[in-house]
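*Asks:* This is query09.csv, which holds CSV, N, CA and C atoms:
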chain,number,residue,atom,x,y,z
A,1,MET,N,0.8,-1.2,0.0
A,1,MET,CA,0.0,0.0,0.0
A,1,MET,C,0.9,1.2,0.0
A,2,PRO,N,0.6,2.2,-0.8
A,2,PRO,CA,1.4,3.4,-0.9
A,2,PRO,C,1.3,4.2,0.4
A,3,LYS,N,2.4,4.9,0.7
A,3,LYS,CA,2.5,5.8,1.8
A,3,LYS,C,1.5,7.0,1.6
A,4,THR,N,0.8,7.3,2.7
A,4,THR,CA,-0.2,8.4,2.6
A,4,THR,C,0.6,9.8,2.4
A,5,LYS,N,0.0,10.6,1.7
A,5,LYS,CA,0.6,11.9,1.4
A,5,LYS,C,0.0,13.0,2.3
A,6,HIS,N,-1.0,12.7,3.1
A,6,HIS,CA,-1.6,13.7,3.9
A,6,HIS,C,-0.9,13.7,5.3
A,7,SER,N,-0.3,14.9,5.6
A,7,SER,CA,0.5,14.9,6.8
A,7,SER,C,-0.3,14.7,8.0
A,8,GLU,N,-1.6,14.9,8.0
A,8,GLU,CA,-2.4,14.7,9.2
A,8,GLU,C,-2.6,13.2,9.5
A,9,GLU,N,-2.4,12.4,8.5
A,9,GLU,CA,-2.6,11.0,8.6
A,9,GLU,C,-1.3,10.2,8.6
A,10,SER,N,-0.2,10.8,8.6
A,10,SER,CA,1.1,10.1,8.6
A,10,SER,C,1.4,9.5,10.0
A,11,GLU,N,2.2,8.5,10.0
A,11,GLU,CA,2.6,7.9,11.3
A,11,GLU,C,3.3,8.9,12.2
A,12,LYS,N,4.1,9.7,11.6
A,12,LYS,CA,4.8,10.7,12.4
A,12,LYS,C,3.8,11.7,13.1
A,13,SER,N,2.9,12.2,12.3
A,13,SER,CA,1.9,13.1,12.9
A,13,SER,C,1.0,12.4,14.0
A,14,LEU,N,0.7,11.2,13.7
A,14,LEU,CA,-0.1,10.4,14.7
A,14,LEU,C,0.7,10.2,16.0
A,15,GLU,N,2.0,10.0,15.9
A,15,GLU,CA,2.9,9.8,17.0
A,15,GLU,C,2.9,11.1,17.9
A,16,ARG,N,3.0,12.2,17.2
A,16,ARG,CA,3.0,13.5,17.9
A,16,ARG,C,1.7,13.8,18.5
A,17,TYR,N,0.6,13.4,17.8
A,17,TYR,CA,-0.8,13.6,18.4
A,17,TYR,C,-1.0,12.7,19.7
A,18,LEU,N,-0.5,11.5,19.6
A,18,LEU,CA,-0.6,10.6,20.7
A,18,LEU,C,0.1,11.1,21.9
A,19,THR,N,1.3,11.6,21.7
A,19,THR,CA,2.1,12.2,22.8
A,19,THR,C,1.4,13.4,23.4
A,20,GLU,N,0.9,14.3,22.6
A,20,GLU,CA,0.2,15.5,23.1
A,20,GLU,C,-1.1,15.1,23.9
A,21,ARG,N,-1.9,14.2,23.3
A,21,ARG,CA,-3.1,13.8,24.0
A,21,ARG,C,-2.9,13.0,25.2
A,22,ALA,N,-1.9,12.1,25.2
A,22,ALA,CA,-1.6,11.4,26.4
A,22,ALA,C,-1.2,12.3,27.6
A,23,LYS,N,-0.3,13.3,27.3
A,23,LYS,CA,0.1,14.3,28.3
A,23,LYS,C,-1.1,15.0,28.8
A,24,ALA,N,-2.0,15.4,27.9
A,24,ALA,CA,-3.2,16.1,28.4
A,24,ALA,C,-4.1,15.3,29.3
A,25,CYS,N,-4.0,13.9,29.1
A,25,CYS,CA,-4.8,13.0,29.9
A,25,CYS,C,-4.1,12.6,31.2
A,26,GLY,N,-2.9,13.2,31.4
A,26,GLY,CA,-2.1,12.8,32.6
A,26,GLY,C,-1.3,11.5,32.5
A,27,CYS,N,-1.1,11.1,31.2
A,27,CYS,CA,-0.3,9.9,31.0
A,27,CYS,C,1.0,10.2,30.3
A,28,ARG,N,1.8,9.2,30.1
A,28,ARG,CA,3.1,9.4,29.4
A,28,ARG,C,3.2,8.5,28.2
A,29,SER,N,3.5,9.0,27.1
A,29,SER,CA,3.7,8.2,25.9
A,29,SER,C,5.2,8.1,25.6
A,30,LEU,N,5.8,6.9,25.7
A,30,LEU,CA,7.2,6.8,25.6
A,30,LEU,C,7.5,6.0,24.3
A,31,LYS,N,8.5,6.5,23.5
A,31,LYS,CA,9.0,5.8,22.3
A,31,LYS,C,9.7,4.5,22.7
A,32,TYR,N,9.3,3.4,22.1
A,32,TYR,CA,10.0,2.2,22.3
A,32,TYR,C,10.9,1.8,21.1
A,33,TYR,N,12.1,1.5,21.4
A,33,TYR,CA,13.1,1.2,20.4
A,33,TYR,C,14.0,0.1,20.9
A,34,ASN,N,14.1,-1.0,20.2
A,34,ASN,CA,14.9,-2.1,20.6
A,34,ASN,C,15.8,-2.4,19.4
A,35,PRO,N,17.1,-2.1,19.5
A,35,PRO,CA,18.0,-2.3,18.3
A,35,PRO,C,18.3,-3.8,18.0
A,36,VAL,N,18.0,-4.6,19.0
A,36,VAL,CA,18.3,-6.1,18.8
A,36,VAL,C,17.1,-6.9,18.3
A,37,SER,N,15.9,-6.4,18.6
A,37,SER,CA,14.7,-7.2,18.2
A,37,SER,C,13.7,-6.2,17.6
A,38,THR,N,13.3,-6.4,16.3
A,38,THR,CA,12.4,-5.5,15.7
A,38,THR,C,11.0,-6.1,15.7
A,39,GLY,N,10.0,-5.2,15.3
A,39,GLY,CA,8.7,-5.6,15.2
A,39,GLY,C,7.8,-5.2,16.4
A,40,TRP,N,8.4,-4.6,17.4
A,40,TRP,CA,7.6,-4.3,18.6
A,40,TRP,C,6.9,-3.0,18.4
A,41,PRO,N,5.8,-2.8,19.1
A,41,PRO,CA,5.0,-1.6,18.9
A,41,PRO,C,5.8,-0.3,19.2
A,42,ASP,N,5.4,0.8,18.5
A,42,ASP,CA,6.1,2.1,18.5
A,42,ASP,C,6.2,2.7,19.9
A,43,ARG,N,5.1,2.7,20.6
A,43,ARG,CA,4.9,3.4,21.9
A,43,ARG,C,4.4,2.6,23.0
A,44,ILE,N,4.9,3.0,24.2
A,44,ILE,CA,4.4,2.4,25.5
A,44,ILE,C,3.7,3.6,26.1
A,45,VAL,N,2.4,3.4,26.5
A,45,VAL,CA,1.7,4.5,27.2
A,45,VAL,C,1.5,4.1,28.6
A,46,LEU,N,2.0,5.0,29.5
A,46,LEU,CA,1.9,4.7,31.0
A,46,LEU,C,0.7,5.5,31.6
A,47,PHE,N,-0.2,4.9,32.2
A,47,PHE,CA,-1.3,5.5,32.8
A,47,PHE,C,-1.2,5.4,34.4
A,48,GLY,N,-2.0,6.1,35.1
A,48,GLY,CA,-2.0,6.0,36.5
A,48,GLY,C,-2.4,4.6,37.0
A,49,GLY,N,-2.0,4.3,38.2
A,49,GLY,CA,-2.4,3.0,38.7
A,49,GLY,C,-1.5,1.9,38.2
A,50,GLY,N,-0.4,2.2,37.5
A,50,GLY,CA,0.5,1.2,37.0
A,50,GLY,C,0.0,0.5,35.7
A,51,LEU,N,-1.0,1.1,35.1
A,51,LEU,CA,-1.5,0.5,33.8
A,51,LEU,C,-0.6,0.9,32.7
A,52,VAL,N,-0.2,-0.1,31.9
A,52,VAL,CA,0.7,0.1,30.7
A,52,VAL,C,0.0,-0.5,29.5
A,53,VAL,N,0.0,0.2,28.4
A,53,VAL,CA,-0.5,-0.3,27.1
A,53,VAL,C,0.5,0.0,26.0
A,54,TRP,N,0.5,-0.9,25.0
A,54,TRP,CA,1.4,-0.7,23.9
A,54,TRP,C,0.6,-0.2,22.7
A,55,VAL,N,1.2,0.7,21.9
A,55,VAL,CA,0.5,1.3,20.8
A,55,VAL,C,1.3,1.2,19.5
A,56,GLU,N,0.8,0.6,18.5
A,56,GLU,CA,1.4,0.5,17.2
A,56,GLU,C,0.7,1.6,16.3
A,57,LEU,N,1.5,2.5,15.8
A,57,LEU,CA,0.9,3.6,15.0
A,57,LEU,C,1.2,3.3,13.5
A,58,LYS,N,0.2,3.5,12.7
A,58,LYS,CA,0.3,3.3,11.3
A,58,LYS,C,-0.3,4.5,10.5
A,59,SER,N,0.2,4.7,9.3
A,59,SER,CA,-0.4,5.7,8.5
A,59,SER,C,-1.8,5.2,8.1
A,60,LYS,N,-2.7,6.1,7.9
A,60,LYS,CA,-4.1,5.8,7.6
A,60,LYS,C,-4.2,4.7,6.6
A,61,GLY,N,-5.0,3.6,7.0
A,61,GLY,CA,-5.3,2.5,6.1
A,61,GLY,C,-4.2,1.4,6.1
A,62,GLU,N,-3.1,1.6,6.7
A,62,GLU,CA,-2.0,0.6,6.8
A,62,GLU,C,-2.3,-0.4,7.9
A,63,ARG,N,-1.8,-1.6,7.7
A,63,ARG,CA,-1.9,-2.7,8.7
A,63,ARG,C,-0.5,-3.1,9.2
A,64,PRO,N,-0.5,-3.7,10.4
A,64,PRO,CA,0.8,-4.2,10.9
A,64,PRO,C,1.4,-5.3,9.9
A,65,LYS,N,2.7,-5.3,9.9
A,65,LYS,CA,3.4,-6.4,9.1
A,65,LYS,C,3.3,-7.7,9.9
A,66,PRO,N,3.5,-8.8,9.2
A,66,PRO,CA,3.4,-10.1,9.9
A,66,PRO,C,4.3,-10.2,11.2
A,67,LEU,N,5.5,-9.7,11.1
A,67,LEU,CA,6.3,-9.8,12.3
A,67,LEU,C,5.7,-9.0,13.5
A,68,GLN,N,5.2,-7.8,13.1
A,68,GLN,CA,4.6,-6.9,14.1
A,68,GLN,C,3.3,-7.6,14.7
A,69,SER,N,2.5,-8.2,13.9
A,69,SER,CA,1.4,-9.0,14.4
A,69,SER,C,1.8,-10.1,15.3
A,70,HIS,N,2.9,-10.7,15.0
A,70,HIS,CA,3.4,-11.8,15.8
A,70,HIS,C,3.8,-11.2,17.2
A,71,ARG,N,4.5,-10.1,17.2
A,71,ARG,CA,5.0,-9.5,18.4
A,71,ARG,C,3.8,-9.0,19.3
A,72,HIS,N,2.7,-8.5,18.6
A,72,HIS,CA,1.5,-8.1,19.3
A,72,HIS,C,0.9,-9.3,20.0
A,73,ALA,N,0.8,-10.4,19.3
A,73,ALA,CA,0.3,-11.6,19.9
A,73,ALA,C,1.1,-12.1,21.1
A,74,CYS,N,2.4,-12.0,21.0
A,74,CYS,CA,3.2,-12.4,22.1
A,74,CYS,C,2.9,-11.5,23.4
A,75,LEU,N,2.8,-10.2,23.1
A,75,LEU,CA,2.5,-9.3,24.2
A,75,LEU,C,1.1,-9.6,24.8
A,76,ARG,N,0.1,-9.9,24.0
A,76,ARG,CA,-1.2,-10.2,24.5
A,76,ARG,C,-1.2,-11.5,25.3
A,77,GLU,N,-0.4,-12.5,24.8
A,77,GLU,CA,-0.3,-13.8,25.6
A,77,GLU,C,0.2,-13.5,27.0
A,78,LEU,N,1.0,-12.5,27.2
A,78,LEU,CA,1.6,-12.1,28.5
A,78,LEU,C,0.6,-11.2,29.3
A,79,GLY,N,-0.5,-10.9,28.7
A,79,GLY,CA,-1.5,-10.1,29.4
A,79,GLY,C,-1.5,-8.6,29.1
A,80,HIS,N,-0.7,-8.2,28.2
A,80,HIS,CA,-0.6,-6.8,27.8
A,80,HIS,C,-1.7,-6.4,26.8
A,81,ARG,N,-2.1,-5.2,26.9
A,81,ARG,CA,-3.0,-4.6,25.9
A,81,ARG,C,-2.2,-4.0,24.8
A,82,VAL,N,-2.6,-4.3,23.5
A,82,VAL,CA,-1.9,-3.7,22.4
A,82,VAL,C,-3.0,-3.1,21.4
A,83,TYR,N,-2.7,-1.9,21.1
A,83,TYR,CA,-3.6,-1.2,20.1
A,83,TYR,C,-2.9,-0.9,18.9
A,84,THR,N,-3.6,-0.9,17.7
A,84,THR,CA,-3.1,-0.4,16.5
A,84,THR,C,-3.9,0.7,16.1
A,85,CYS,N,-3.3,1.9,15.9
A,85,CYS,CA,-4.1,3.1,15.6
A,85,CYS,C,-3.6,3.7,14.3
A,86,ASP,N,-4.5,4.0,13.4
A,86,ASP,CA,-4.2,4.6,12.1
A,86,ASP,C,-4.9,5.9,11.9
A,87,THR,N,-5.7,6.4,13.0
A,87,THR,CA,-6.4,7.7,12.9
A,87,THR,C,-6.3,8.3,14.3
A,88,LYS,N,-6.6,9.6,14.3
A,88,LYS,CA,-6.6,10.3,15.6
A,88,LYS,C,-7.8,9.9,16.4
A,89,ALA,N,-8.9,9.5,15.7
A,89,ALA,CA,-10.1,9.1,16.4
A,89,ALA,C,-9.8,7.8,17.2
A,90,LYS,N,-9.0,6.9,16.6
A,90,LYS,CA,-8.7,5.6,17.3
A,90,LYS,C,-7.8,5.9,18.5
A,91,ILE,N,-6.9,6.9,18.3
A,91,ILE,CA,-6.1,7.2,19.5
A,91,ILE,C,-6.9,7.8,20.6
A,92,ASP,N,-7.9,8.7,20.2
A,92,ASP,CA,-8.8,9.2,21.3
A,92,ASP,C,-9.6,8.1,21.9
A,93,ARG,N,-10.1,7.2,21.2
A,93,ARG,CA,-10.9,6.1,21.7
A,93,ARG,C,-10.1,5.2,22.7
A,94,MET,N,-8.8,4.9,22.3
A,94,MET,CA,-7.9,4.1,23.1
A,94,MET,C,-7.7,4.9,24.4
A,95,LEU,N,-7.4,6.2,24.4
A,95,LEU,CA,-7.1,7.0,25.6
A,95,LEU,C,-8.3,7.0,26.5
A,96,ILE,N,-9.5,7.2,25.9
A,96,ILE,CA,-10.7,7.2,26.8
A,96,ILE,C,-10.9,5.8,27.5
A,97,ILE,N,-10.8,4.7,26.7
A,97,ILE,CA,-11.0,3.4,27.3
A,97,ILE,C,-9.9,3.2,28.4
A,98,GLU,N,-8.7,3.4,28.1
A,98,GLU,CA,-7.6,3.1,29.1
A,98,GLU,C,-7.6,4.1,30.3
A,99,THR,N,-7.9,5.4,30.0
A,99,THR,CA,-8.0,6.3,31.1
A,99,THR,C,-9.1,5.9,32.1
A,100,ASN,N,-10.2,5.5,31.6
A,100,ASN,CA,-11.3,5.0,32.5
A,100,ASN,C,-10.9,3.8,33.2
A,101,ARG,N,-10.2,2.9,32.5
A,101,ARG,CA,-9.7,1.6,33.2
A,101,ARG,C,-8.7,2.0,34.3
A,102,ALA,N,-7.8,2.9,34.0
A,102,ALA,CA,-6.8,3.3,35.0
A,102,ALA,C,-7.5,4.0,36.2
A,103,GLY,N,-8.5,4.8,35.9
A,103,GLY,CA,-9.2,5.4,37.0
A,103,GLY,C,-9.9,4.4,37.9
A,104,LYS,N,-10.4,3.3,37.4
A,104,LYS,CA,-11.0,2.2,38.2
A,104,LYS,C,-9.9,1.5,39.0
A,105,LEU,N,-8.7,1.3,38.4
A,105,LEU,CA,-7.6,0.7,39.1
A,105,LEU,C,-7.2,1.6,40.3
A,106,ARG,N,-7.0,2.9,40.0
A,106,ARG,CA,-6.6,3.8,41.0
A,106,ARG,C,-7.6,3.9,42.2
A,107,SER,N,-8.9,3.8,41.8
A,107,SER,CA,-10.0,3.8,42.8
A,107,SER,C,-9.9,2.5,43.7
A,108,LEU,N,-9.6,1.4,43.1
A,108,LEU,CA,-9.5,0.2,43.8
A,108,LEU,C,-8.2,0.2,44.7
A,109,MET,N,-7.1,0.8,44.2
A,109,MET,CA,-5.9,0.9,45.0
A,109,MET,C,-6.1,1.8,46.2
A,110,TRP,N,-6.8,3.0,45.9
A,110,TRP,CA,-7.1,3.9,47.0
A,110,TRP,C,-7.9,3.3,48.1
A,111,ARG,N,-9.0,2.6,47.6
A,111,ARG,CA,-9.9,2.0,48.6
A,111,ARG,C,-9.2,0.9,49.4
A,112,SER,N,-8.3,0.1,48.8
A,112,SER,CA,-7.6,-0.9,49.6
A,112,SER,C,-6.6,-0.3,50.5
A,113,SER,N,-6.1,0.9,50.2
A,113,SER,CA,-5.1,1.5,51.1
A,113,SER,C,-5.8,2.2,52.3
A,114,THR,N,-7.1,2.5,52.1
A,114,THR,CA,-7.8,3.2,53.2
A,114,THR,C,-8.6,2.3,54.1
A,115,GLU,N,-8.8,1.1,53.6
A,115,GLU,CA,-9.6,0.2,54.4
A,115,GLU,C,-8.9,-0.2,55.7
A,116,PRO,N,-9.6,-0.3,56.8
A,116,PRO,CA,-9.0,-0.7,58.1
A,116,PRO,C,-8.4,-2.1,57.9
A,117,ARG,N,-7.2,-2.3,58.5
A,117,ARG,CA,-6.5,-3.6,58.4
A,117,ARG,C,-6.8,-4.3,59.7
A,118,HIS,N,-7.2,-5.6,59.5
A,118,HIS,CA,-7.5,-6.4,60.7
A,118,HIS,C,-6.2,-7.2,61.0
A,119,GLU,N,-5.8,-7.1,62.3
A,119,GLU,CA,-4.6,-7.8,62.7
A,119,GLU,C,-5.0,-8.7,63.8
A,120,GLU,N,-4.2,-9.8,63.9
A,120,GLU,CA,-4.3,-10.7,65.0
A,120,GLU,C,-3.9,-10.1,66.3
A,121,PRO,N,-4.6,-10.4,67.4
A,121,PRO,CA,-4.3,-9.8,68.7
A,121,PRO,C,-2.8,-10.1,69.0
A,122,GLY,N,-2.1,-9.1,69.5
A,122,GLY,CA,-0.7,-9.3,69.9
A,122,GLY,C,0.3,-9.3,68.8
A,123,THR,N,-0.1,-9.0,67.5
A,123,THR,CA,0.8,-9.0,66.4
A,123,THR,C,1.2,-7.6,66.0
A,124,ARG,N,0.6,-6.6,66.6
A,124,ARG,CA,0.9,-5.2,66.3
A,124,ARG,C,2.4,-4.9,66.6
A,125,LYS,N,3.1,-4.3,65.7
A,125,LYS,CA,4.5,-4.0,65.9
A,125,LYS,C,4.6,-2.7,66.8
A,126,ARG,N,5.7,-2.6,67.5
A,126,ARG,CA,6.0,-1.4,68.3
A,126,ARG,C,6.5,-0.4,67.3
A,127,LYS,N,6.2,0.9,67.6
A,127,LYS,CA,6.6,2.0,66.7
A,127,LYS,C,8.1,2.0,66.6
A,128,GLY,N,8.6,2.0,65.4
A,128,GLY,CA,10.1,2.0,65.1
A,128,GLY,C,10.7,0.7,65.1
A,129,ALA,N,9.9,-0.4,65.3
A,129,ALA,CA,10.5,-1.8,65.3
A,129,ALA,C,10.8,-2.2,63.8
A,130,ALA,N,11.9,-2.9,63.6
A,130,ALA,CA,12.3,-3.3,62.3
A,130,ALA,C,11.5,-4.4,61.8
A,131,ASP,N,11.3,-4.5,60.5
A,131,ASP,CA,10.6,-5.7,59.9
A,131,ASP,C,11.4,-6.9,60.0
A,132,GLU,N,10.8,-8.1,60.2
A,132,GLU,CA,11.5,-9.3,60.3
A,132,GLU,C,11.6,-9.9,58.9
A,133,VAL,N,12.7,-10.5,58.6
A,133,VAL,CA,12.8,-11.1,57.2
A,133,VAL,C,12.6,-12.6,57.3
Represent the structure of the file as structure tokens.

*Replies:*
Amino acid sequence: MPKTKHSEESEKSLERYLTERAKACGCRSLKYYNPVSTGWPDRIVLFGGGLVVWVELKSKGERPKPLQSHRHACLRELGHRVYTCDTKAKIDRMLIIETNRAGKLRSLMWRSSTEPRHEEPGTRKRKGAADEV
């Protein structure tokens, strides 16, 4: 498939758009580069609550190459989420889905950190006592 001539739909412009939108959502979009092993997604997006997703960016209408599809499948087998985005609308949709998911994770983490902890009688540590290994 020929490269797109529209600068708004190029992989480079989508990468810039993802980085700007991720930052606006309170996330970080990091460029992933592995000189030893090719075919991995272009970006890793870090959300609150420890949520991480991989994003493959393509010019409008392009699909991942076979090696890239294989790498995506490997990541999914490990439990990672992988998105392929070829439009700004797909980037926005991914950010909405994952920001909501990260918010739910943060909510669960906050709730668990504020819930009272039940301890066995006599197991409470003295203030300043070292942890046992």

*Asks:* Would you please extract all alpha helix (DSSP H) residues from region 41-119 of chain A, as assigned by DSSP on the backbone, and give them as number ranges by chain?

*Replies:* A: 66-77, 88-114

*Asks:* Using only N, CA and C atoms, which of A:Lys12, A:Glu77, A:Gly50, A:Gly39 sits nearest Lys65 (chain A)?

*Replies:* A:Gly39

*Asks:* Between A:Cys25, A:Asp42, A:Leu78, A:Glu15, which has the minimum distance to Ile97 (chain A) (counting only C-alpha atoms)?

*Replies:*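 Smallest distance to Ile97 (chain A) is found for A:Cys25.
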
*Asks:* Quick one: which region 23-68 of chain A residues come within 8 Å of region 87-90 of chain A, and what is the nearest atom pair for each with the distance in Å to one decimal, counting only N, CA and C atoms, rows ordered by chain and ascending number, as JSON lines?

*Replies:*
{"residue": "A:Leu57", "atom": "CA", "partner": "A:Thr87", "partner_atom": "N", "distance": 7.4}
{"residue": "A:Lys58", "atom": "C", "partner": "A:Thr87", "partner_atom": "N", "distance": 6.2}
{"residue": "A:Ser59", "atom": "C", "partner": "A:Thr87", "partner_atom": "N", "distance": 6.4}
{"residue": "A:Lys60", "atom": "CA", "partner": "A:Thr87", "partner_atom": "N", "distance": 5.7}
{"residue": "A:Gly61", "atom": "N", "partner": "A:Thr87", "partner_atom": "N", "distance": 6.7}

*Asks:* What does the distance from CA of Val55 (chain A) to CA of Ser69 (chain A) come to in Å, to one decimal?

*Replies:* 12.2 Å

*Asks:* Could you tell me how far atom N of Arg63 (chain A) lies from atom C of Asn100 (chain A), in Å and to one decimal?

*Replies:* 27.6 Å

*Asks:* So that I can see what lies close to Leu18 (chain A), please list as a compact mmCIF listing (two decimals) with N, CA and C atoms, in the frame of the given file the residues with an atom at most 8 Å from it, counting all atoms listed in the file and leaving out residues fewer than 5 positions away in the same chain.

*Replies:*
# COMPACT_ATOMS: atom_id res chain seq x y z
N LYS A 12 4.10 9.70 11.60
CA LYS A 12 4.80 10.70 12.40
C LYS A 12 3.80 11.70 13.10
N SER A 13 2.90 12.20 12.30
CA SER A 13 1.90 13.10 12.90
C SER A 13 1.00 12.40 14.00
N LYS A 23 -0.30 13.30 27.30
CA LYS A 23 0.10 14.30 28.30
C LYS A 23 -1.10 15.00 28.80
N ALA A 24 -2.00 15.40 27.90
CA ALA A 24 -3.20 16.10 28.40
C ALA A 24 -4.10 15.30 29.30
N ARG A 28 1.80 9.20 30.10
CA ARG A 28 3.10 9.40 29.40
C ARG A 28 3.20 8.50 28.20
N SER A 29 3.50 9.00 27.10
CA SER A 29 3.70 8.20 25.90
C SER A 29 5.20 8.10 25.60
N LYS A 88 -6.60 9.60 14.30
CA LYS A 88 -6.60 10.30 15.60
C LYS A 88 -7.80 9.90 16.40
N ILE A 91 -6.90 6.90 18.30
CA ILE A 91 -6.10 7.20 19.50
C ILE A 91 -6.90 7.80 20.60
N ASP A 92 -7.90 8.70 20.20
CA ASP A 92 -8.80 9.20 21.30
C ASP A 92 -9.60 8.10 21.90

*Asks:* Please fill the gaps in region 84-99 of chain A so it has N, CA, C and O atoms, and write that as a PDB file, in the coordinates of the input.

*Replies:*
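As a result, selection-v2.pdb now contains:
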ATOM      1  N   THR A  84      -3.600  -0.900  17.700  1.00  0.00           N
ATOM      2  CA  THR A  84      -3.100  -0.400  16.500  1.00  0.00           C
ATOM      3  C   THR A  84      -3.900   0.700  16.100  1.00  0.00           C
ATOM      4  O   THR A  84      -5.146   0.570  15.906  1.00  0.00           O
ATOM      5  N   CYS A  85      -3.300   1.900  15.900  1.00  0.00           N
ATOM      6  CA  CYS A  85      -4.100   3.100  15.600  1.00  0.00           C
ATOM      7  C   CYS A  85      -3.600   3.700  14.300  1.00  0.00           C
ATOM      8  O   CYS A  85      -2.394   3.970  14.189  1.00  0.00           O
ATOM      9  N   ASP A  86      -4.500   4.000  13.400  1.00  0.00           N
ATOM     10  CA  ASP A  86      -4.200   4.600  12.100  1.00  0.00           C
ATOM     11  C   ASP A  86      -4.900   5.900  11.900  1.00  0.00           C
ATOM     12  O   ASP A  86      -4.801   6.560  10.885  1.00  0.00           O
ATOM     13  N   THR A  87      -5.700   6.400  13.000  1.00  0.00           N
ATOM     14  CA  THR A  87      -6.400   7.700  12.900  1.00  0.00           C
ATOM     15  C   THR A  87      -6.300   8.300  14.300  1.00  0.00           C
ATOM     16  O   THR A  87      -6.160   7.648  15.287  1.00  0.00           O
ATOM     17  N   LYS A  88      -6.600   9.600  14.300  1.00  0.00           N
ATOM     18  CA  LYS A  88      -6.600  10.300  15.600  1.00  0.00           C
ATOM     19  C   LYS A  88      -7.800   9.900  16.400  1.00  0.00           C
ATOM     20  O   LYS A  88      -7.768   9.790  17.595  1.00  0.00           O
ATOM     21  N   ALA A  89      -8.900   9.500  15.700  1.00  0.00           N
ATOM     22  CA  ALA A  89     -10.100   9.100  16.400  1.00  0.00           C
ATOM     23  C   ALA A  89      -9.800   7.800  17.200  1.00  0.00           C
ATOM     24  O   ALA A  89     -10.302   7.574  18.280  1.00  0.00           O
ATOM     25  N   LYS A  90      -9.000   6.900  16.600  1.00  0.00           N
ATOM     26  CA  LYS A  90      -8.700   5.600  17.300  1.00  0.00           C
ATOM     27  C   LYS A  90      -7.800   5.900  18.500  1.00  0.00           C
ATOM     28  O   LYS A  90      -7.891   5.221  19.485  1.00  0.00           O
ATOM     29  N   ILE A  91      -6.900   6.900  18.300  1.00  0.00           N
ATOM     30  CA  ILE A  91      -6.100   7.200  19.500  1.00  0.00           C
ATOM     31  C   ILE A  91      -6.900   7.800  20.600  1.00  0.00           C
ATOM     32  O   ILE A  91      -6.772   7.379  21.744  1.00  0.00           O
ATOM     33  N   ASP A  92      -7.900   8.700  20.200  1.00  0.00           N
ATOM     34  CA  ASP A  92      -8.800   9.200  21.300  1.00  0.00           C
ATOM     35  C   ASP A  92      -9.600   8.100  21.900  1.00  0.00           C
ATOM     36  O   ASP A  92      -9.718   8.130  23.166  1.00  0.00           O
ATOM     37  N   ARG A  93     -10.100   7.200  21.200  1.00  0.00           N
ATOM     38  CA  ARG A  93     -10.900   6.100  21.700  1.00  0.00           C
ATOM     39  C   ARG A  93     -10.100   5.200  22.700  1.00  0.00           C
ATOM     40  O   ARG A  93     -10.503   4.898  23.764  1.00  0.00           O
ATOM     41  N   MET A  94      -8.800   4.900  22.300  1.00  0.00           N
ATOM     42  CA  MET A  94      -7.900   4.100  23.100  1.00  0.00           C
ATOM     43  C   MET A  94      -7.700   4.900  24.400  1.00  0.00           C
ATOM     44  O   MET A  94      -7.716   4.298  25.523  1.00  0.00           O
ATOM     45  N   LEU A  95      -7.400   6.200  24.400  1.00  0.00           N
ATOM     46  CA  LEU A  95      -7.100   7.000  25.600  1.00  0.00           C
ATOM     47  C   LEU A  95      -8.300   7.000  26.500  1.00  0.00           C
ATOM     48  O   LEU A  95      -8.165   6.923  27.717  1.00  0.00           O
ATOM     49  N   ILE A  96      -9.500   7.200  25.900  1.00  0.00           N
ATOM     50  CA  ILE A  96     -10.700   7.200  26.800  1.00  0.00           C
ATOM     51  C   ILE A  96     -10.900   5.800  27.500  1.00  0.00           C
ATOM     52  O   ILE A  96     -11.117   5.778  28.691  1.00  0.00           O
ATOM     53  N   ILE A  97     -10.800   4.700  26.700  1.00  0.00           N
ATOM     54  CA  ILE A  97     -11.000   3.400  27.300  1.00  0.00           C
ATOM     55  C   ILE A  97      -9.900   3.200  28.400  1.00  0.00           C
ATOM     56  O   ILE A  97     -10.299   2.749  29.524  1.00  0.00           O
ATOM     57  N   GLU A  98      -8.700   3.400  28.100  1.00  0.00           N
ATOM     58  CA  GLU A  98      -7.600   3.100  29.100  1.00  0.00           C
ATOM     59  C   GLU A  98      -7.600   4.100  30.300  1.00  0.00           C
ATOM     60  O   GLU A  98      -7.224   3.707  31.373  1.00  0.00           O
ATOM     61  N   THR A  99      -7.900   5.400  30.000  1.00  0.00           N
ATOM     62  CA  THR A  99      -8.000   6.300  31.100  1.00  0.00           C
ATOM     63  C   THR A  99      -9.100   5.900  32.100  1.00  0.00           C
ATOM     64  O   THR A  99      -8.901   5.976  33.326  1.00  0.00           O
TER      65      THR A  99
END
